[in-house]
file data_13.txt (compact mmCIF, C-alpha atoms)
# COMPACT_ATOMS: atom_id res chain seq x y z
CA MET F 1 89.14 51.98 -11.12
CA PHE F 2 89.12 55.12 -9.03
CA ILE F 3 89.02 55.93 -5.35
CA ALA F 4 86.83 58.65 -3.88
CA ILE F 5 87.62 60.23 -0.54
CA LEU F 6 84.28 60.94 1.09
CA GLY F 7 83.04 64.13 2.70
CA ARG F 8 81.83 64.90 6.19
CA GLN F 9 78.62 62.87 5.78
CA PRO F 10 79.82 59.68 4.03
CA GLU F 11 76.35 58.22 3.42
CA ILE F 12 75.41 61.28 1.38
CA SER F 13 78.70 61.05 -0.52
CA ILE F 14 78.05 57.39 -1.34
CA ALA F 15 74.48 58.10 -2.44
CA GLU F 16 75.73 60.79 -4.81
CA LEU F 17 78.38 58.50 -6.29
CA GLU F 18 75.77 55.77 -6.81
CA ALA F 19 73.44 58.25 -8.51
CA VAL F 20 76.17 59.40 -10.90
CA TYR F 21 78.08 56.16 -11.56
CA GLY F 22 75.54 53.45 -10.71
CA ALA F 23 75.17 51.57 -7.42
CA LYS F 24 76.80 48.41 -8.78
CA ASN F 25 79.97 50.36 -9.59
CA VAL F 26 80.45 51.93 -6.15
CA GLN F 27 81.85 50.07 -3.16
CA LYS F 28 82.30 51.71 0.22
CA ILE F 29 85.59 50.50 1.69
CA SER F 30 85.55 52.59 4.88
CA ASN F 31 83.87 55.67 6.35
CA GLN F 32 86.46 57.73 4.51
CA ALA F 33 86.67 56.16 1.07
CA ALA F 34 84.92 54.26 -1.70
CA THR F 35 86.08 52.68 -4.93
CA VAL F 36 84.34 53.53 -8.20
CA ASN F 37 84.54 51.21 -11.19
CA CYS F 38 84.45 53.50 -14.21
CA ASP F 39 86.61 54.62 -17.12
CA ASN F 40 86.56 58.33 -16.32
CA PHE F 41 86.02 60.09 -13.02
CA SER F 42 85.60 63.83 -12.53
CA ILE F 43 85.53 65.44 -9.11
CA ASP F 44 84.53 68.88 -10.36
CA ASN F 45 80.79 68.16 -10.47
CA LEU F 46 80.63 66.16 -7.23
CA GLY F 47 79.76 67.91 -3.99
CA GLY F 48 80.30 64.94 -1.68
CA THR F 49 83.76 63.76 -2.77
CA ILE F 50 86.72 65.77 -1.48
CA LYS F 51 89.50 63.98 -3.40
CA CYS F 52 89.75 61.32 -6.07
CA GLY F 53 92.51 59.18 -7.49
CA GLN F 54 93.16 56.44 -10.01
CA VAL F 55 93.91 53.13 -8.30
CA ILE F 56 97.43 51.81 -8.85
CA THR F 57 97.46 48.68 -6.73
CA LYS F 58 96.12 46.99 -3.62
CA ILE F 59 98.25 45.72 -0.75
CA LYS F 60 96.82 42.78 1.18
CA SER F 61 96.83 43.10 4.95
CA GLN F 62 100.07 41.87 6.55
CA LYS F 63 100.71 40.64 10.09
CA SER F 64 100.49 44.21 11.37
CA ASP F 65 99.45 47.64 10.10
CA ARG F 66 103.09 48.66 10.26
CA ASN F 67 104.13 45.81 7.98
CA THR F 68 101.33 46.61 5.53
CA LEU F 69 102.42 50.26 5.35
CA LEU F 70 106.05 49.21 4.89
CA GLN F 71 105.02 47.03 1.94
CA ALA F 72 103.07 49.94 0.47
CA SER F 73 106.08 52.22 0.98
CA LYS F 74 108.34 49.82 -0.89
CA ILE F 75 105.99 49.64 -3.89
CA ILE F 76 105.45 53.43 -4.01
CA VAL F 77 109.16 54.23 -3.80
CA GLU F 78 110.08 51.69 -6.50
CA LYS F 79 107.33 52.82 -8.88
CA TYR F 80 107.87 56.56 -8.60
CA THR F 81 111.66 56.39 -8.53
CA LYS F 82 111.44 54.60 -11.88
CA ASN F 83 108.72 56.86 -13.34
CA LEU F 84 110.26 60.17 -12.29
CA SER F 85 114.00 59.58 -12.54
CA ASN F 86 114.19 61.17 -16.02
CA SER F 87 111.82 64.05 -15.30
CA GLN F 88 112.89 67.46 -16.60
CA LYS F 89 110.43 69.24 -14.30
CA LYS F 90 110.51 70.01 -10.62
CA ILE F 91 108.13 67.63 -8.88
CA THR F 92 105.72 68.60 -6.12
CA LEU F 93 104.67 65.60 -4.06
CA GLY F 94 102.14 65.04 -1.29
CA ILE F 95 101.18 61.79 0.41
CA SER F 96 97.91 61.21 2.23
CA PHE F 97 96.88 58.26 4.37
CA TYR F 98 93.22 57.55 5.16
CA GLY F 99 92.45 54.93 7.77
CA ASN F 100 92.95 54.50 11.47
CA LYS F 101 95.30 56.79 13.39
CA THR F 102 98.73 56.73 11.82
CA ASP F 103 101.81 58.70 12.78
CA PRO F 104 102.25 61.38 10.07
CA ARG F 105 106.00 60.81 10.29
CA ASN F 106 105.54 57.29 8.89
CA VAL F 107 103.65 58.73 5.93
CA GLN F 108 106.20 61.51 5.43
CA LYS F 109 109.04 58.98 5.50
CA ILE F 110 107.81 57.50 2.21
CA GLY F 111 108.23 60.87 0.52
CA ILE F 112 111.65 61.48 2.09
CA ILE F 113 112.99 58.18 0.76
CA LEU F 114 111.61 58.93 -2.68
CA LYS F 115 113.05 62.44 -2.62
CA ASN F 116 116.52 61.14 -1.76
CA ASN F 117 116.34 58.52 -4.53
CA LEU F 118 115.39 61.12 -7.13
CA LYS F 119 118.08 63.51 -5.93
CA LYS F 120 120.68 60.95 -7.02
CA SER F 121 119.19 61.17 -10.53
CA GLY F 122 119.30 64.94 -10.50
CA VAL F 123 115.54 65.35 -10.14
CA SER F 124 114.29 68.04 -7.78
CA LEU F 125 111.30 67.15 -5.60
CA ARG F 126 109.42 69.41 -3.22
CA LEU F 127 107.78 67.33 -0.52
CA ILE F 128 104.71 68.84 1.12
CA PRO F 129 105.05 68.28 4.89
CA ASN F 130 102.43 66.16 6.65
CA LYS F 131 101.13 67.71 9.86
CA THR F 132 98.46 65.03 9.83
CA ALA F 133 98.34 61.65 8.09
CA ALA F 134 96.22 63.11 5.27
CA LEU F 135 96.79 66.45 3.58
CA SER F 136 93.81 68.78 3.88
CA THR F 137 91.62 69.43 0.85
CA ALA F 138 92.82 73.04 0.88
CA THR F 139 96.48 71.98 0.80
CA SER F 140 95.88 69.56 -2.05
CA HIS F 141 93.87 72.03 -4.09
CA ASN F 142 96.10 75.07 -3.53
CA ASN F 143 99.15 73.03 -4.56
CA LYS F 144 97.23 71.77 -7.63
CA LEU F 145 98.01 68.19 -6.70
CA GLY F 146 96.66 65.69 -9.18
CA ARG F 147 96.10 68.34 -11.82
CA SER F 148 99.35 67.85 -13.78
CA GLU F 149 102.08 65.25 -14.20
CA ALA F 150 104.49 67.27 -12.04
CA LYS F 151 101.97 67.84 -9.20
CA ILE F 152 101.45 64.45 -7.58
CA GLU F 153 99.51 63.27 -4.57
CA ILE F 154 99.70 59.63 -3.57
CA ILE F 155 96.58 58.48 -1.75
CA ILE F 156 96.77 55.47 0.56
CA ALA F 157 93.40 54.30 1.88
CA LYS F 158 92.83 51.47 4.33
CA ASN F 159 89.73 49.33 3.90
CA VAL F 160 87.76 47.57 6.63
CA TYR F 161 89.86 44.41 6.19
CA GLY F 162 93.16 46.19 6.75
CA ASP F 163 94.16 46.14 3.06
CA LEU F 164 95.66 49.29 1.56
CA ILE F 165 94.47 50.82 -1.71
CA ILE F 166 97.15 52.94 -3.39
CA ALA F 167 95.99 55.58 -5.87
CA GLU F 168 97.37 58.62 -7.66
CA SER F 169 95.27 61.75 -7.20
CA ARG F 170 93.25 63.20 -10.03
CA GLY F 171 92.41 66.33 -8.08
CA ALA F 172 90.75 67.71 -4.96
CA GLN F 173 87.59 69.78 -4.53
CA ASN F 174 87.92 73.38 -5.63
CA ILE F 175 87.13 74.93 -2.25
CA ASN F 176 87.92 78.42 -3.55
CA SER F 177 85.20 78.14 -6.16
CA TYR F 178 82.67 77.00 -3.55
CA THR F 179 83.57 80.01 -1.40
CA GLN F 180 83.14 82.34 -4.37
CA ARG F 181 79.77 80.79 -5.27
CA ASP F 182 78.60 81.18 -1.68
CA ARG F 183 80.11 84.28 -0.08
CA GLY F 184 81.04 86.02 -3.32
CA ARG F 185 77.49 86.31 -4.60
CA PRO F 186 75.92 89.76 -4.49
CA LYS F 187 72.90 88.61 -2.43
CA ARG F 188 72.79 86.36 0.65
CA ASP F 189 70.21 86.08 3.43
CA ALA F 190 71.04 84.19 6.63
CA PHE F 191 67.50 84.52 7.95
CA VAL F 192 65.94 82.35 5.21
CA GLY F 193 68.77 79.83 5.46
CA MET F 194 71.75 79.46 3.20
CA LEU F 195 71.83 76.22 1.25
CA PRO F 196 75.53 75.44 0.70
CA PRO F 197 76.45 75.26 -3.01
CA LYS F 198 78.11 71.92 -2.29
CA LEU F 199 74.84 70.45 -1.00
CA ALA F 200 72.86 71.94 -3.87
CA GLN F 201 75.28 70.24 -6.24
CA ILE F 202 74.82 66.92 -4.42
CA MET F 203 71.03 67.22 -4.56
CA ILE F 204 71.04 67.96 -8.29
CA ASN F 205 73.14 64.82 -8.81
CA LEU F 206 70.82 62.77 -6.58
CA SER F 207 67.89 63.90 -8.75
CA GLY F 208 69.63 62.49 -11.81
CA ALA F 209 69.56 65.81 -13.66
CA LYS F 210 71.74 65.94 -16.77
CA PRO F 211 72.76 68.82 -19.07
CA ASP F 212 69.79 70.21 -21.03
CA ASP F 213 67.26 68.82 -18.52
CA TYR F 214 64.85 71.22 -16.81
CA LEU F 215 64.49 71.32 -13.04
CA TRP F 216 62.33 73.38 -10.73
CA ASP F 217 63.10 74.78 -7.29
CA PRO F 218 59.77 75.85 -5.69
CA PHE F 219 61.55 77.34 -2.63
CA CYS F 220 64.37 79.00 -4.54
CA GLY F 221 65.40 81.59 -1.91
CA THR F 222 68.58 83.25 -3.13
CA GLY F 223 68.90 80.91 -6.11
CA THR F 224 71.60 78.46 -5.04
CA VAL F 225 70.01 75.46 -6.79
CA LEU F 226 69.47 77.43 -10.00
CA GLN F 227 73.07 78.63 -9.81
CA GLU F 228 74.53 75.13 -9.44
CA ALA F 229 72.23 73.82 -12.17
CA ALA F 230 73.48 76.47 -14.59
CA LEU F 231 77.09 75.55 -13.88
CA ILE F 232 76.53 71.99 -15.16
CA GLY F 233 74.29 72.96 -18.07
CA VAL F 234 70.91 72.19 -16.51
CA ASN F 235 68.02 74.57 -17.25
CA ALA F 236 66.02 75.75 -14.26
CA TYR F 237 62.81 77.36 -13.07
CA GLY F 238 62.71 78.96 -9.64
CA SER F 239 59.80 80.22 -7.59
CA ASP F 240 59.43 81.56 -4.08
CA LEU F 241 56.72 83.05 -1.88
CA SER F 242 58.83 86.19 -1.33
CA ASP F 243 59.24 88.86 -4.01
CA LYS F 244 62.45 89.82 -2.23
CA MET F 245 63.88 86.33 -2.76
CA ILE F 246 62.99 86.44 -6.44
CA SER F 247 64.90 89.71 -6.79
CA TYR F 248 67.84 88.11 -4.96
CA THR F 249 67.75 85.06 -7.23
CA THR F 250 67.61 87.27 -10.30
CA GLU F 251 70.60 89.35 -9.23
CA ASN F 252 72.60 86.25 -8.25
CA MET F 253 71.84 84.48 -11.52
CA ASN F 254 72.89 87.52 -13.53
CA TRP F 255 76.13 87.45 -11.54
CA VAL F 256 76.60 83.72 -12.28
CA GLU F 257 76.13 84.29 -16.01
CA LYS F 258 78.71 87.08 -16.01
CA THR F 259 81.22 85.41 -13.67
CA PHE F 260 81.12 81.84 -14.98
CA SER F 261 79.90 82.44 -18.57
CA THR F 262 76.92 80.12 -18.18
CA ASN F 263 74.42 79.91 -21.01
CA THR F 264 71.40 77.96 -19.79
CA PHE F 265 67.73 78.85 -19.60
CA TRP F 266 66.50 80.05 -16.22
CA GLN F 267 63.42 81.81 -15.00
CA ALA F 268 62.35 82.98 -11.53
CA HIS F 269 58.91 84.19 -10.45
CA GLN F 270 56.89 84.74 -7.28
CA ALA F 271 54.61 81.85 -6.28
CA ASP F 272 53.42 79.98 -3.19
CA ALA F 273 54.67 76.39 -3.37
CA THR F 274 51.53 75.14 -1.64
CA SER F 275 49.20 76.56 -4.31
CA VAL F 276 51.31 77.26 -7.41
CA LYS F 277 49.95 76.10 -10.76
CA LEU F 278 52.49 75.09 -13.36
CA THR F 279 52.03 76.29 -16.94
CA ASP F 280 51.60 73.76 -19.73
CA GLU F 281 55.14 74.51 -20.88
CA GLN F 282 56.55 73.90 -17.39
CA LYS F 283 54.63 70.64 -17.05
CA LYS F 284 56.07 69.48 -20.35
CA ARG F 285 59.66 70.50 -19.57
CA ILE F 286 60.24 69.82 -15.88
CA SER F 287 61.65 66.37 -15.11
CA ARG F 288 63.39 67.14 -11.81
CA ILE F 289 62.40 69.03 -8.67
CA VAL F 290 65.27 70.02 -6.40
CA CYS F 291 64.73 72.21 -3.38
CA GLU F 292 65.36 72.99 0.25
CA THR F 293 61.83 73.16 1.63
CA TYR F 294 60.66 75.19 4.62
CA LEU F 295 63.02 74.45 7.55
CA GLY F 296 61.25 76.58 10.15
CA GLN F 297 62.96 79.01 12.45
CA PRO F 298 66.66 78.64 13.25
CA PHE F 299 67.74 77.59 16.76
CA SER F 300 71.04 78.14 18.54
CA ALA F 301 70.05 75.53 21.14
CA PRO F 302 67.49 72.69 21.17
CA PRO F 303 64.01 74.15 21.83
CA SER F 304 61.63 73.08 24.57
CA PRO F 305 59.38 70.09 23.78
CA GLU F 306 56.41 72.42 23.42
CA LYS F 307 58.23 74.72 20.99
CA LEU F 308 59.61 71.79 19.04
CA HIS F 309 56.11 70.30 18.68
CA GLU F 310 54.86 73.62 17.31
CA VAL F 311 57.70 74.03 14.81
CA VAL F 312 57.53 70.42 13.63
CA GLY F 313 53.80 70.80 13.02
CA ASN F 314 54.19 74.04 11.05
CA CYS F 315 56.96 72.65 8.83
CA ASN F 316 55.15 69.38 8.28
CA HIS F 317 51.96 71.20 7.27
CA ILE F 318 53.66 73.44 4.71
CA ILE F 319 55.76 70.71 3.11
CA SER F 320 52.85 68.25 2.98
CA ASP F 321 50.64 70.87 1.32
CA PHE F 322 53.39 71.53 -1.22
CA LEU F 323 53.76 67.84 -2.09
CA GLN F 324 49.99 67.40 -2.38
CA ASN F 325 49.67 70.49 -4.57
CA ILE F 326 52.22 69.44 -7.17
CA HIS F 327 51.40 65.72 -7.27
CA SER F 328 48.79 65.98 -10.03
CA GLN F 329 50.86 68.53 -11.97
CA ILE F 330 54.10 66.60 -12.47
CA ARG F 331 54.80 63.67 -14.74
CA PRO F 332 55.06 60.11 -13.32
CA TYR F 333 58.79 59.85 -13.99
CA THR F 334 59.68 63.16 -12.33
CA THR F 335 62.34 62.78 -9.65
CA LEU F 336 62.21 64.96 -6.55
CA CYS F 337 65.22 65.61 -4.33
CA ILE F 338 64.08 67.70 -1.38
CA ALA F 339 65.63 68.77 1.90
CA VAL F 340 63.26 68.68 4.87
CA PRO F 341 64.12 69.63 8.46
CA ALA F 342 65.19 67.30 11.26
CA TRP F 343 65.87 68.60 14.76
CA GLN F 344 68.84 67.46 16.88
CA ASN F 345 68.67 67.41 20.68
CA HIS F 346 71.48 67.62 23.26
CA GLU F 347 72.08 63.86 23.04
CA GLY F 348 72.54 63.93 19.29
CA LYS F 349 69.19 62.26 18.58
CA PHE F 350 66.95 63.57 15.82
CA THR F 351 63.25 64.35 15.59
CA HIS F 352 62.21 63.66 11.99
CA SER F 353 59.43 65.24 9.99
CA PRO F 354 56.20 63.18 10.35
CA LEU F 355 55.56 63.41 6.61
CA ILE F 356 58.34 60.88 5.97
CA LYS F 357 56.10 58.12 7.37
CA ASN F 358 53.15 59.45 5.36
CA LEU F 359 54.79 59.70 1.93
CA LYS F 360 52.58 56.98 0.46
CA LYS F 361 49.45 58.82 1.54
CA LEU F 362 50.84 61.95 -0.08
CA GLY F 363 51.41 60.04 -3.31
CA TYR F 364 55.17 59.48 -3.24
CA GLN F 365 57.68 56.71 -2.74
CA GLN F 366 61.30 56.98 -1.65
CA ILE F 367 63.78 55.70 -4.21
CA ILE F 368 66.82 55.98 -1.92
CA ASP F 369 66.16 54.09 1.30
CA LYS F 370 68.89 55.67 3.42
CA ASN F 371 69.03 58.24 6.20
CA LEU F 372 70.73 61.14 4.46
CA LEU F 373 71.28 63.81 7.10
CA TYR F 374 73.38 66.89 6.38
CA TYR F 375 74.42 68.78 9.51
CA ARG F 376 77.23 69.99 11.73
CA GLU F 377 77.70 68.47 15.17
CA ASP F 378 76.52 71.64 16.94
CA GLN F 379 73.64 72.30 14.55
CA VAL F 380 70.06 72.00 15.84
CA VAL F 381 68.19 72.09 12.53
CA ALA F 382 69.59 69.52 10.12
CA ARG F 383 68.65 68.92 6.51
CA GLU F 384 67.27 65.47 5.75
CA ILE F 385 67.56 64.63 2.06
CA LEU F 386 64.68 62.70 0.47
CA VAL F 387 64.73 61.37 -3.09
CA LEU F 388 61.19 60.64 -4.28
CA LYS F 389 59.08 59.56 -7.22
CA PRO F 390 55.34 60.15 -7.64
CA ALA F 391 53.19 57.12 -6.88
CA ASP F 392 49.54 56.31 -7.49
CA ILE F 393 47.72 57.53 -4.39
CA ALA F 394 44.89 55.07 -4.89
CA LYS F 395 47.26 52.12 -4.87
CA THR F 396 49.44 53.30 -1.99
CA ALA F 397 46.89 54.74 0.43
call {"tool": "encode", "arguments": {"input": "data_13.txt", "output": "structure tokens"}}
result
Amino acid sequence: MFIAILGRQPEISIAELEAVYGAKNVQKISNQAATVNCDNFSIDNLGGTIKCGQVITKIKSQKSDRNTLLQASKIIVEKYTKNLSNSQKKITLGISFYGNKTDPRNVQKIGIILKNNLKKSGVSLRLIPNKTAALSTATSHNNKLGRSEAKIEIIIAKNVYGDLIIAESRGAQNINSYTQRDRGRPKRDAFVGMLPPKLAQIMINLSGAKPDDYLWDPFCGTGTVLQEAALIGVNAYGSDLSDKMISYTTENMNWVEKTFSTNTFWQAHQADATSVKLTDEQKKRISRIVCETYLGQPFSAPPSPEKLHEVVGNCNHIISDFLQNIHSQIRPYTTLCIAVPAWQNHEGKFTHSPLIKNLKKLGYQQIIDKNLLYYREDQVVAREILVLKPADIAKTA
């Protein structure tokens, strides 16, 4: 069994894990963590999991949180003193605690005791200092924790019942690679929106795409979805209303092939998503549609009710026309994972796209019945992730 430390939007992280490993194998234990029952777990192709670890043991809740942590400390120190006492390598160790507020000094104390025990055996251990109870993803990744037997991170996660899950890290997200795939690309365009590579990766997983599948992004922009598809061996078509965006996608995909040595099929061409006609070859190949649809204009502050009504209507019209246009062209088992806009007001409440309530009339059904919103706290226009399947319009209208 493995533990997954969840990202900023835990519901999206859980949905991705369920799509990849099966819902019955994923159990959310808190807003920060979930357990995954599987034989092998890889963090490298998951956008919503920031760290993972193989579960060692579970500590039942004691009379107090302090007593529970003391029991965990005792088990960790005994296990790793025994396992590392004959090591010929210098050990790098980090300890992270995920749960309610905990004094970082109590977490650090576990490592100090272990370090002193190993020193008696002549084993050198470098303990990474805890400024907070949990080491940041950057600290874990840059120290290569969980990536070799001498680079260890112990993860302690508290569940909703007060029990502690103890796991040994199997790696953290490669934040440097995400930065390269985002800011390092030759072409970016803030005006048309910049889908984060991490979210594109999540959406591809939510669609169920596997290596050698073919997906289509009808709003491809600068090619982020095609890029992330190529990195996991998924073939991709991209189209966009703007010739400029097609040139950007082409340049970015050539860069991806050169930089990451990808070798998948991809093709990008100009087309209006609301009227595009797929070729017979595309109809035969495409089994997944993954895209960030039209999000409307960006806002630095919530718009007036009148402006919001206008923008919502425009976005709803374009996206509805797109869904209606492709319905008769795609196969019944095609999965769509699309991002549609939602608008946040000053109170943190969201205005959702009206089409969500009209999906049946448009010929679609949601296959993930969760509110999957991707946004920052200060962001007005959020991305709402919908996972859909075509449905018979006659039966659902």
call {"tool": "closest_residue", "arguments": {"input": "data_13.txt", "among": "F:Glu11, F:Glu153, F:Asp378, F:Asp65", "to": "Leu127 in chain F", "atoms": "all atoms listed in the file"}}
result
F:Glu153
call {"tool": "atom_distance", "arguments": {"input": "data_13.txt", "atom1": "CA of Val387 in chain F", "atom2": "CA of Pro218 in chain F"}}
result
15.5 Å
call {"tool": "atom_distance", "arguments": {"input": "data_13.txt", "atom1": "CA of Val276 in chain F", "atom2": "CA of Ala209 in chain F"}}
result
22.4 Å
call {"tool": "closest_residue", "arguments": {"input": "data_13.txt", "among": "F:Gln54, F:Asn252, F:Ser275, F:Asn314", "to": "Asn37 in chain F", "atoms": "all atoms listed in the file"}}
result
F:Gln54
call {"tool": "closest_residue", "arguments": {"input": "data_13.txt", "among": "F:Asn106, F:Ser177, F:Asp280, F:Asp243", "to": "Val256 in chain F", "atoms": "only C-alpha atoms"}}
result
F:Ser177
call {"tool": "closest_residue", "arguments": {"input": "data_13.txt", "among": "F:Asn100, F:Thr279, F:Asn325, F:Asn116", "to": "Thr132 in chain F", "atoms": "all atoms listed in the file"}}
result
F:Asn100
call {"tool": "atom_distance", "arguments": {"input": "data_13.txt", "atom1": "CA of Ile75 in chain F", "atom2": "CA of Gln27 in chain F"}}
result
24.2 Å
call {"tool": "closest_residue", "arguments": {"input": "data_13.txt", "among": "F:Ser261, F:Asn142, F:Ser121, F:Ser353", "to": "Leu295 in chain F", "atoms": "all atoms listed in the file"}}
result
F:Ser353
call {"tool": "residues_around", "arguments": {"input": "data_13.txt", "residues": "Tyr374 in chain F", "least_positions_apart": "5", "cutoff": "12 Å", "atoms": "only C-alpha atoms", "output": "ChimeraX atom specification"}}
result
/F:7-13,48,195-196,198-200,202-203,292,339-344,350,379-386
call {"tool": "closest_atom_pairs", "arguments": {"input": "data_13.txt", "of": "range 29-127 of chain F", "to": "range 223-239 of chain F", "cutoff": "12 Å", "atoms": "only C-alpha atoms", "output": "tab-separated table"}}
result
residue	atom	partner	partner_atom	distance
F:Asp44	CA	F:Ile232	CA	9.8
F:Asn45	CA	F:Ile232	CA	7.4
F:Leu46	CA	F:Ile232	CA	10.7
F:Gly47	CA	F:Glu228	CA	10.4
call {"tool": "closest_residue", "arguments": {"input": "data_13.txt", "among": "F:Asp272, F:Glu377, F:Asp182, F:Glu149", "to": "Glu168 in chain F", "atoms": "only C-alpha atoms"}}
result
F:Glu149
call {"tool": "axis_aligned_box", "arguments": {"input": "data_13.txt", "around": "range 19-33 of chain F", "padding_each_side": "4 Å", "output": "AutoDock Vina command-line options"}}
result
--center_x 80.1 --center_y 53.9 --center_z -2.6 --size_x 21.2 --size_y 19.0 --size_z 25.9
call {"tool": "residues_around", "arguments": {"input": "data_13.txt", "residues": "Ser124 in chain F", "least_positions_apart": "4", "cutoff": "12 Å", "atoms": "all atoms listed in the file", "output": "list in words"}}
result
Thr81, Leu84, Ser85, Asn86, Ser87, Gln88, Lys89, Lys90, Ile91, Thr92, Leu93, Leu114, Lys115, Asn116, Asn117, Leu118, Lys119, Lys120 and Ala150 of chain F
